[in-house]
Every structure is written in structure tokens, then in C-alpha cells.
>>> print(open('run_2.tsv').read())   # TSV, C-alpha atoms
chain	number	residue	atom	x	y	z
A	14	MET	CA	172.01	224.36	35.75
A	15	VAL	CA	171.77	223.50	39.45
A	16	GLU	CA	171.69	226.81	41.28
A	17	LEU	CA	173.66	227.33	44.47
A	18	THR	CA	172.32	229.33	47.39
A	19	ALA	CA	174.51	232.23	48.48
A	20	GLN	CA	175.77	230.16	51.42
A	21	GLU	CA	176.51	227.12	49.24
A	22	ALA	CA	178.34	229.31	46.73
A	23	LEU	CA	180.54	230.74	49.46
A	24	ALA	CA	181.34	227.28	50.83
A	25	ALA	CA	181.97	225.85	47.36
A	26	GLU	CA	184.38	228.66	46.54
A	27	GLN	CA	186.34	228.05	49.74
A	28	ILE	CA	186.48	224.28	49.21
A	29	PHE	CA	187.11	224.07	45.45
A	30	GLY	CA	188.85	227.38	44.76
A	31	GLU	CA	189.95	227.69	41.13
A	32	ARG	CA	188.46	224.25	40.41
A	33	LEU	CA	184.92	225.38	41.22
A	34	ASP	CA	183.91	225.23	37.56
A	35	LEU	CA	184.88	221.53	37.51
A	36	ALA	CA	182.73	220.95	40.58
A	37	LYS	CA	179.80	222.70	38.88
A	38	ARG	CA	180.18	220.50	35.80
A	39	TYR	CA	180.25	217.42	38.01
A	40	VAL	CA	177.02	218.52	39.70
A	41	GLU	CA	175.42	218.98	36.28
A	42	HIS	CA	176.34	215.38	35.44
A	43	LEU	CA	174.73	214.25	38.70
A	44	ALA	CA	171.57	216.26	37.99
A	45	THR	CA	171.18	214.95	34.42
A	46	SER	CA	172.71	211.63	33.41
A	47	GLY	CA	173.15	210.69	37.09
A	48	ILE	CA	169.39	210.76	37.54
A	49	GLU	CA	168.62	209.23	34.15
A	50	ARG	CA	170.78	206.21	35.01
A	51	GLY	CA	169.53	205.81	38.54
A	52	LEU	CA	172.65	206.90	40.44
A	53	ILE	CA	170.87	209.78	42.15
A	54	GLY	CA	167.19	210.20	42.99
A	55	PRO	CA	165.42	213.15	41.34
A	56	ARG	CA	164.38	214.51	44.73
A	57	GLU	CA	168.05	215.01	45.58
A	58	VAL	CA	168.61	217.72	42.95
A	59	PRO	CA	167.92	220.71	45.26
A	60	ARG	CA	170.30	219.17	47.82
A	61	LEU	CA	173.09	218.05	45.52
A	62	TRP	CA	175.47	220.74	46.71
A	63	SER	CA	174.71	220.84	50.43
A	64	ARG	CA	173.88	217.23	51.22
A	65	HIS	CA	176.16	215.46	48.78
A	66	VAL	CA	179.01	217.34	47.08
A	67	LEU	CA	180.06	219.82	49.78
A	68	ASN	CA	179.36	217.25	52.48
A	69	CYS	CA	181.85	214.90	50.81
A	70	ALA	CA	184.43	217.41	49.63
A	71	VAL	CA	185.22	218.74	53.12
A	72	VAL	CA	186.64	215.31	54.02
A	73	ALA	CA	189.66	216.41	51.96
A	74	GLU	CA	190.82	218.49	54.93
A	75	LEU	CA	191.49	215.23	56.82
A	76	ILE	CA	193.80	213.77	54.16
A	77	ALA	CA	197.55	214.34	53.96
A	78	ASP	CA	199.19	215.98	50.95
A	79	GLY	CA	199.80	213.67	47.99
A	80	ALA	CA	198.02	210.69	49.55
A	81	LYS	CA	196.81	207.71	47.55
A	82	VAL	CA	193.13	207.19	48.35
A	83	ALA	CA	190.85	204.26	47.59
A	84	ASP	CA	187.13	205.07	47.57
A	85	VAL	CA	185.01	201.96	48.15
A	86	GLY	CA	181.55	201.71	46.62
A	87	SER	CA	182.01	204.97	44.72
A	88	GLY	CA	178.58	204.89	43.07
A	89	ALA	CA	178.05	208.43	41.82
A	90	GLY	CA	181.56	209.48	42.85
A	91	LEU	CA	180.66	210.38	46.41
A	92	PRO	CA	183.08	211.09	47.97
A	93	GLY	CA	185.75	209.97	45.45
A	94	LEU	CA	185.19	212.48	42.65
A	95	CYS	CA	184.52	215.32	45.10
A	96	LEU	CA	187.94	214.67	46.67
A	97	ALA	CA	189.64	214.38	43.27
A	98	ILE	CA	188.22	217.75	42.20
A	99	ALA	CA	188.94	219.53	45.48
A	100	ARG	CA	192.45	218.10	45.81
A	101	PRO	CA	194.38	217.57	42.56
A	102	ASP	CA	197.39	216.49	44.65
A	103	LEU	CA	195.57	213.32	45.73
A	104	TYR	CA	195.44	210.14	43.64
A	105	LEU	CA	192.04	208.47	43.78
A	106	THR	CA	191.17	204.87	42.96
A	107	LEU	CA	187.40	204.48	42.69
A	108	ILE	CA	186.25	200.92	43.43
A	109	GLU	CA	182.74	200.15	42.18
A	110	PRO	CA	181.26	196.73	41.32
A	111	LEU	CA	178.30	197.76	39.13
A	112	GLU	CA	179.05	198.15	35.42
A	113	ARG	CA	176.54	200.94	34.72
A	114	ARG	CA	178.00	203.02	37.53
A	115	VAL	CA	181.55	202.38	36.34
A	116	THR	CA	180.59	203.45	32.81
A	117	TRP	CA	179.07	206.67	34.14
A	118	LEU	CA	182.11	207.40	36.31
A	119	GLU	CA	184.42	206.87	33.33
A	120	GLU	CA	182.39	209.28	31.21
A	121	VAL	CA	182.43	211.96	33.92
A	122	VAL	CA	186.16	211.59	34.61
A	123	MET	CA	186.87	211.90	30.88
A	124	ASP	CA	184.64	214.95	30.47
A	125	LEU	CA	186.19	216.71	33.47
A	126	GLY	CA	189.72	215.78	32.39
A	127	LEU	CA	190.64	214.42	35.81
A	128	ASN	CA	194.09	212.84	35.54
A	129	ASN	CA	194.29	211.89	39.23
A	130	VAL	CA	191.54	209.25	39.09
A	131	GLU	CA	191.56	205.54	38.28
A	132	ILE	CA	188.36	203.49	38.20
A	133	ILE	CA	188.26	199.79	38.97
A	134	ARG	CA	185.21	197.64	38.45
A	135	SER	CA	185.46	195.29	41.41
A	136	ARG	CA	184.05	194.35	44.76
A	137	ALA	CA	186.17	195.75	47.56
A	138	GLU	CA	187.35	192.37	48.81
A	139	ALA	CA	188.49	191.39	45.30
A	140	ALA	CA	190.61	194.55	45.05
A	141	ILE	CA	192.78	193.69	48.07
A	142	GLY	CA	196.42	193.54	46.98
A	143	LYS	CA	195.65	195.25	43.67
A	144	VAL	CA	195.33	198.79	45.02
A	145	GLU	CA	198.02	200.84	46.73
A	146	CYS	CA	196.66	203.37	49.19
A	147	SER	CA	197.22	204.97	52.57
A	148	VAL	CA	193.61	206.14	53.00
A	149	VAL	CA	190.32	204.37	52.33
A	150	THR	CA	187.07	206.32	52.13
A	151	ALA	CA	183.44	205.17	52.10
A	152	ARG	CA	180.02	206.77	52.29
A	153	ALA	CA	176.67	205.06	52.70
A	154	VAL	CA	178.12	201.61	52.03
A	155	SER	CA	177.24	199.71	55.21
A	156	ALA	CA	177.50	199.78	59.00
A	157	LEU	CA	181.05	200.05	60.33
A	158	LYS	CA	181.21	196.44	61.55
A	159	THR	CA	180.49	195.21	58.01
A	160	LEU	CA	182.41	198.01	56.30
A	161	ALA	CA	185.70	197.52	58.17
A	162	PRO	CA	186.58	194.07	56.75
A	163	LEU	CA	185.82	195.36	53.23
A	164	THR	CA	187.97	198.46	53.49
A	165	ILE	CA	190.80	198.15	56.03
A	166	PRO	CA	192.55	195.22	54.25
A	167	LEU	CA	193.04	197.52	51.22
A	168	LEU	CA	195.51	199.52	53.30
A	169	GLY	CA	198.03	196.68	53.27
A	170	GLY	CA	198.61	196.89	57.01
A	171	GLU	CA	198.96	200.64	57.60
A	172	GLY	CA	196.91	203.76	56.98
A	173	GLU	CA	193.47	205.00	57.87
A	174	LEU	CA	189.81	204.52	57.10
A	175	LEU	CA	187.63	207.62	56.76
A	176	ALA	CA	183.97	206.60	56.81
A	177	ILE	CA	181.36	209.33	56.37
A	178	LYS	CA	178.64	208.67	58.92
A	179	GLY	CA	175.67	210.31	60.58
A	180	ARG	CA	174.19	210.23	64.05
A	181	SER	CA	174.77	206.50	64.38
A	182	ALA	CA	178.57	206.95	64.44
A	183	GLU	CA	179.05	206.33	68.17
A	184	ASP	CA	176.82	203.26	68.22
A	185	GLU	CA	178.56	201.84	65.14
A	186	ILE	CA	181.97	202.29	66.75
A	187	ALA	CA	180.81	200.51	69.90
A	188	THR	CA	179.42	197.59	67.88
A	189	ALA	CA	182.49	197.33	65.65
A	190	GLY	CA	185.15	197.66	68.37
A	191	LYS	CA	186.40	194.08	68.38
A	192	THR	CA	186.33	193.84	64.57
A	193	LEU	CA	188.37	197.02	64.23
A	194	ARG	CA	190.98	195.83	66.72
A	195	ASN	CA	191.29	192.47	64.96
A	196	LEU	CA	191.97	194.32	61.69
A	197	GLY	CA	194.74	196.42	63.22
A	198	GLY	CA	192.70	199.46	64.18
A	199	TYR	CA	194.52	201.03	67.12
A	200	GLU	CA	192.71	204.36	67.34
A	201	THR	CA	189.11	205.10	66.40
A	202	SER	CA	187.60	208.56	66.68
A	203	ILE	CA	184.78	210.72	65.44
A	204	VAL	CA	186.01	213.83	63.65
A	205	ILE	CA	183.99	216.71	62.23
A	206	ALA	CA	184.96	218.06	58.81
A	207	GLY	CA	183.93	221.40	57.35
A	208	GLN	CA	183.04	223.14	60.62
A	209	ASP	CA	184.31	226.47	59.30
A	210	VAL	CA	182.45	226.34	55.99
A	211	LEU	CA	179.28	224.26	56.32
A	212	ASP	CA	176.09	224.85	58.31
A	213	GLU	CA	175.87	221.11	58.82
A	214	PRO	CA	179.44	219.80	58.95
A	215	THR	CA	180.31	216.21	58.08
A	216	THR	CA	180.70	213.47	60.67
A	217	VAL	CA	183.55	211.09	59.87
A	218	VAL	CA	184.66	207.96	61.68
A	219	ARG	CA	188.44	207.82	61.45
A	220	VAL	CA	190.17	204.50	62.12
A	221	LYS	CA	193.95	204.55	62.28
A	222	VAL	CA	195.42	201.19	61.32
A	223	LYS	CA	198.75	199.54	61.89
A	224	ARG	CA	199.36	195.81	61.82
A	225	ARG	CA	201.91	194.66	64.37
>>> encode(input="run_2.tsv", output="C-alpha cells")
Amino acid sequence: MVELTAQEALAAEQIFGERLDLAKRYVEHLATSGIERGLIGPREVPRLWSRHVLNCAVVAELIADGAKVADVGSGAGLPGLCLAIARPDLYLTLIEPLERRVTWLEEVVMDLGLNNVEIIRSRAEAAIGKVECSVVTARAVSALKTLAPLTIPLLGGEGELLAIKGRSAEDEIATAGKTLRNLGGYETSIVIAGQDVLDEPTTVVRVKVKRR
């Protein structure tokens, strides 16, 4: 069992509420089969809650009720499964190209009984037109200039991209400016999620999109 610090436990309770047990089971999957199959490095175990799960789950506060969300390059379900657990009202499509990761995601979703998740084995660009969503999420996939053409077209002309980023967020926005505008991005901002619950809140680049 991956133990939570007192601070992590308080944050997890606020974020996941009555679904906290599901979140704990997910973390156990990450700490066991997730490591065995190479989805998570063994050194990450002590930081699974703070650096990964809570860090991703707080992004839910930026998403409208009942939204359809596509998570690109889901990997170990970060942030896709965290959002699905925290917000049962959302419908998540996890897009992941690697078969071993897809198999693991399917096993976890089945074990947790998540009925608001669909998993597609595909590259992001191949999923355009096959996924219906108003929000696209991504974490640790690539720099914004490269990420935007892989994610924004999934929105079908309108919606928003929420990309979890770190200190490089401002520089990435500056570099990607023209690309974002060409893709219909009309407003790009840096928003901070989880300020009220996390010691180190999450930096998110939000790109609002509307094709004219």
C-alpha cells in the first residue's frame, strides 16, 4: 500500500471525495503492475500521490460539467484516469498508441469499474474525426509547438486544450504562438490548478479554440 502523508491525505479527500478508495486502488496499480510493465519508474513510488495523481486530478476544476474529454498520450492514465475518477460526470477518451500501455489501461479501468472511460489505441493524428470532445488534455507529451497540431484538431473546430506544463510554459507559448493561431487558438493563458489544496499547484496552458 502506498502511504499518503497527512497533507496528501487531506488534499486527496478534498479532490476525490467519496471516490477516494478508487483513487487509492489506482495508485496501487501504478505502484505494482505499472512499475512491472515500465509505465512508471520505481523511484516515483514515494511521489505517486503528490507529483502525479493529485497534480493531474486538480485539472478537473478547469473542466465544465459533463464535458467530453480526450486525453492524448495517456500512458499510465495521467491525467485521463485521474480526471475520470475525480469527476464521474466527465466522459474520457484515452488515446494511447502503445499496445502494452493500452492493455494495462484496459485492465485498470475494468478493475476500477469506470464506466465513463473509453480507450483507443491510436496515434493522436489518426484519431482526428473519430473522437468527439470539447476538451483535450495532455501531460508530458511534447513541447506546445509540437503538441498543438496533434491535439487541437481533435476538437473539431471548437473547444480547449489543457496542457499540463512546468516552468517552461511561458517560453513554450511564445514559441508556439503562430502555430496556435493557425489552428484556431484565439486565447492562450497560463492557469494554476489546485492552489487551495496543493503545496505545489499545477501549471496548465489553456488554449481556447474556435475556427472561423
>>> closest_residue(input="run_2.tsv", among="A:Gly172, A:Pro214, A:Gly54, A:Pro162", to="Leu193 in chain A", atoms="only C-alpha atoms")
A:Pro162
>>> atom_distance(input="run_2.tsv", atom1="CA of Ala24 in chain A", atom2="CA of Thr216 in chain A")
17.0 Å
>>> residues_around(input="run_2.tsv", residues="Pro110 in chain A", least_positions_apart="2", cutoff="12 Å", atoms="all atoms listed in the file", output="ChimeraX atom specification")
/A:84-88,107-108,112-116,118,132-140
>>> closest_residue(input="run_2.tsv", among="A:Leu91, A:Leu35, A:Ile48, A:Leu125", to="Arg152 in chain A", atoms="all atoms listed in the file")
A:Leu91
>>> residues_near_point(input="run_2.tsv", point="(182.2, 217.2, 39.4)", cutoff="8 Å", atoms="only C-alpha atoms", output="PDB file with C-alpha atoms, in the coordinates of the input")
ATOM      1  CA  LEU A  35     184.880 221.530  37.510  1.00  0.00           C
ATOM      2  CA  ALA A  36     182.730 220.950  40.580  1.00  0.00           C
ATOM      3  CA  LYS A  37     179.800 222.700  38.880  1.00  0.00           C
ATOM      4  CA  ARG A  38     180.180 220.500  35.800  1.00  0.00           C
ATOM      5  CA  TYR A  39     180.250 217.420  38.010  1.00  0.00           C
ATOM      6  CA  VAL A  40     177.020 218.520  39.700  1.00  0.00           C
ATOM      7  CA  GLU A  41     175.420 218.980  36.280  1.00  0.00           C
ATOM      8  CA  HIS A  42     176.340 215.380  35.440  1.00  0.00           C
ATOM      9  CA  LEU A  94     185.190 212.480  42.650  1.00  0.00           C
ATOM     10  CA  CYS A  95     184.520 215.320  45.100  1.00  0.00           C
ATOM     11  CA  ILE A  98     188.220 217.750  42.200  1.00  0.00           C
ATOM     12  CA  VAL A 121     182.430 211.960  33.920  1.00  0.00           C
ATOM     13  CA  LEU A 125     186.190 216.710  33.470  1.00  0.00           C
TER      14      LEU A 125
END
>>> residues_around(input="run_2.tsv", residues="Gln208 in chain A", least_positions_apart="4", cutoff="12 Å", atoms="only C-alpha atoms", output="ChimeraX atom specification")
/A:24,28,67-68,71-72,74,204,212-216
>>> write_last_selection(input="run_2.tsv", atoms="C-alpha atoms", output="mmCIF file, in the coordinates of the input")
data_model
loop_
_atom_site.group_PDB
_atom_site.id
_atom_site.type_symbol
_atom_site.label_atom_id
_atom_site.label_comp_id
_atom_site.auth_asym_id
_atom_site.auth_seq_id
_atom_site.Cartn_x
_atom_site.Cartn_y
_atom_site.Cartn_z
ATOM 1 C CA ALA A 24 181.340 227.280 50.830
ATOM 2 C CA ILE A 28 186.480 224.280 49.210
ATOM 3 C CA LEU A 67 180.060 219.820 49.780
ATOM 4 C CA ASN A 68 179.360 217.250 52.480
ATOM 5 C CA VAL A 71 185.220 218.740 53.120
ATOM 6 C CA VAL A 72 186.640 215.310 54.020
ATOM 7 C CA GLU A 74 190.820 218.490 54.930
ATOM 8 C CA VAL A 204 186.010 213.830 63.650
ATOM 9 C CA ASP A 212 176.090 224.850 58.310
ATOM 10 C CA GLU A 213 175.870 221.110 58.820
ATOM 11 C CA PRO A 214 179.440 219.800 58.950
ATOM 12 C CA THR A 215 180.310 216.210 58.080
ATOM 13 C CA THR A 216 180.700 213.470 60.670
#
>>> residues_around(input="run_2.tsv", residues="Lys81 in chain A", least_positions_apart="6", cutoff="9 Å", atoms="all atoms listed in the file", output="list of chain:residue names")
A:Leu103, A:Tyr104, A:Leu105, A:Thr106, A:Glu145, A:Cys146, A:Ser147, A:Val148, A:Val149
>>> residues_around(input="run_2.tsv", residues="Leu61 in chain A", least_positions_apart="5", cutoff="8 Å", atoms="all atoms listed in the file", output="mmCIF file with C-alpha atoms, in the coordinates of the input")
data_model
loop_
_atom_site.group_PDB
_atom_site.id
_atom_site.type_symbol
_atom_site.label_atom_id
_atom_site.label_comp_id
_atom_site.auth_asym_id
_atom_site.auth_seq_id
_atom_site.Cartn_x
_atom_site.Cartn_y
_atom_site.Cartn_z
ATOM 1 C CA VAL A 40 177.020 218.520 39.700
ATOM 2 C CA LEU A 43 174.730 214.250 38.700
ATOM 3 C CA ALA A 44 171.570 216.260 37.990
ATOM 4 C CA VAL A 66 179.010 217.340 47.080
#
>>> atom_distance(input="run_2.tsv", atom1="CA of Leu175 in chain A", atom2="CA of Ala151 in chain A")
6.7 Å
>>> atom_distance(input="run_2.tsv", atom1="CA of Ala182 in chain A", atom2="CA of Val82 in chain A")
21.7 Å
>>> axis_aligned_box(input="run_2.tsv", around="range 179-195 of chain A", padding_each_side="5 Å", output="JSON")
{"center_x": 182.7, "center_y": 201.4, "center_z": 65.2, "size_x": 27.1, "size_y": 27.8, "size_z": 19.3}
>>> closest_residue(input="run_2.tsv", among="A:His65, A:Arg32, A:Lys191, A:Arg60", to="Glu16 in chain A", atoms="all atoms listed in the file")
A:Arg60
>>> closest_residue(input="run_2.tsv", among="A:Gly47, A:Gly170, A:Gly142, A:Gly179", to="Arg64 in chain A", atoms="only C-alpha atoms")
A:Gly179
>>> closest_residue(input="run_2.tsv", among="A:Val144, A:Val154, A:Leu23, A:Leu96", to="Leu127 in chain A", atoms="only C-alpha atoms")
A:Leu96
>>> residues_near_point(input="run_2.tsv", point="(176.0, 209.3, 29.4)", cutoff="7 Å", atoms="only C-alpha atoms", output="PyMOL selection string")
chain A and resi 46+117+120
>>> write_last_selection(input="run_2.tsv", atoms="C-alpha atoms", output="compact mmCIF listing (two decimals), keeping the file's coordinate frame")
# COMPACT_ATOMS: atom_id res chain seq x y z
CA SER A 46 172.71 211.63 33.41
CA TRP A 117 179.07 206.67 34.14
CA GLU A 120 182.39 209.28 31.21
>>> closest_residue(input="run_2.tsv", among="A:Ala70, A:Glu109, A:Glu131, A:Ser202", to="Gln27 in chain A", atoms="only C-alpha atoms")
A:Ala70
>>> decode(input="run_2.tsv", residues="range 175-187 of chain A", atoms="N, CA, C and O atoms", output="CSV table (one decimal), in the first residue's frame")
chain,number,residue,atom,x,y,z
A,175,LEU,N,-6.0,21.7,-22.7
A,175,LEU,CA,-5.4,21.9,-21.4
A,175,LEU,C,-4.2,21.1,-21.3
A,175,LEU,O,-4.2,19.8,-21.2
A,176,ALA,N,-3.0,21.7,-21.4
A,176,ALA,CA,-1.7,21.0,-21.4
A,176,ALA,C,-1.0,21.3,-20.1
A,176,ALA,O,-0.7,22.4,-19.7
A,177,ILE,N,-0.8,20.2,-19.3
A,177,ILE,CA,-0.1,20.3,-18.0
A,177,ILE,C,1.4,20.6,-18.3
A,177,ILE,O,2.1,19.8,-19.0
A,178,LYS,N,1.9,21.7,-17.8
A,178,LYS,CA,3.3,22.1,-18.1
A,178,LYS,C,4.0,22.5,-16.8
A,178,LYS,O,3.4,22.6,-15.7
A,179,GLY,N,5.3,22.8,-16.9
A,179,GLY,CA,6.1,23.3,-15.8
A,179,GLY,C,6.5,24.7,-16.0
A,179,GLY,O,5.8,25.5,-16.5
A,180,ARG,N,7.8,24.9,-15.6
A,180,ARG,CA,8.3,26.3,-15.7
A,180,ARG,C,8.5,26.8,-17.1
A,180,ARG,O,8.7,28.0,-17.3
A,181,SER,N,8.5,25.9,-18.0
A,181,SER,CA,8.8,26.3,-19.4
A,181,SER,C,7.5,26.8,-20.1
A,181,SER,O,7.6,27.2,-21.3
A,182,ALA,N,6.4,26.9,-19.4
A,182,ALA,CA,5.1,27.3,-20.0
A,182,ALA,C,5.2,28.6,-20.8
A,182,ALA,O,4.7,28.6,-22.0
A,183,GLU,N,5.7,29.6,-20.2
A,183,GLU,CA,5.7,30.9,-20.9
A,183,GLU,C,6.5,30.8,-22.2
A,183,GLU,O,6.1,31.4,-23.2
A,184,ASP,N,7.7,30.2,-22.1
A,184,ASP,CA,8.6,30.1,-23.3
A,184,ASP,C,7.9,29.3,-24.4
A,184,ASP,O,8.0,29.6,-25.6
A,185,GLU,N,7.2,28.2,-24.0
A,185,GLU,CA,6.5,27.3,-25.0
A,185,GLU,C,5.4,28.1,-25.7
A,185,GLU,O,5.2,27.9,-26.9
A,186,ILE,N,4.7,28.9,-24.9
A,186,ILE,CA,3.6,29.7,-25.5
A,186,ILE,C,4.2,30.7,-26.6
A,186,ILE,O,3.7,30.9,-27.7
A,187,ALA,N,5.3,31.3,-26.2
A,187,ALA,CA,5.9,32.3,-27.1
A,187,ALA,C,6.4,31.6,-28.4
A,187,ALA,O,6.2,32.1,-29.5
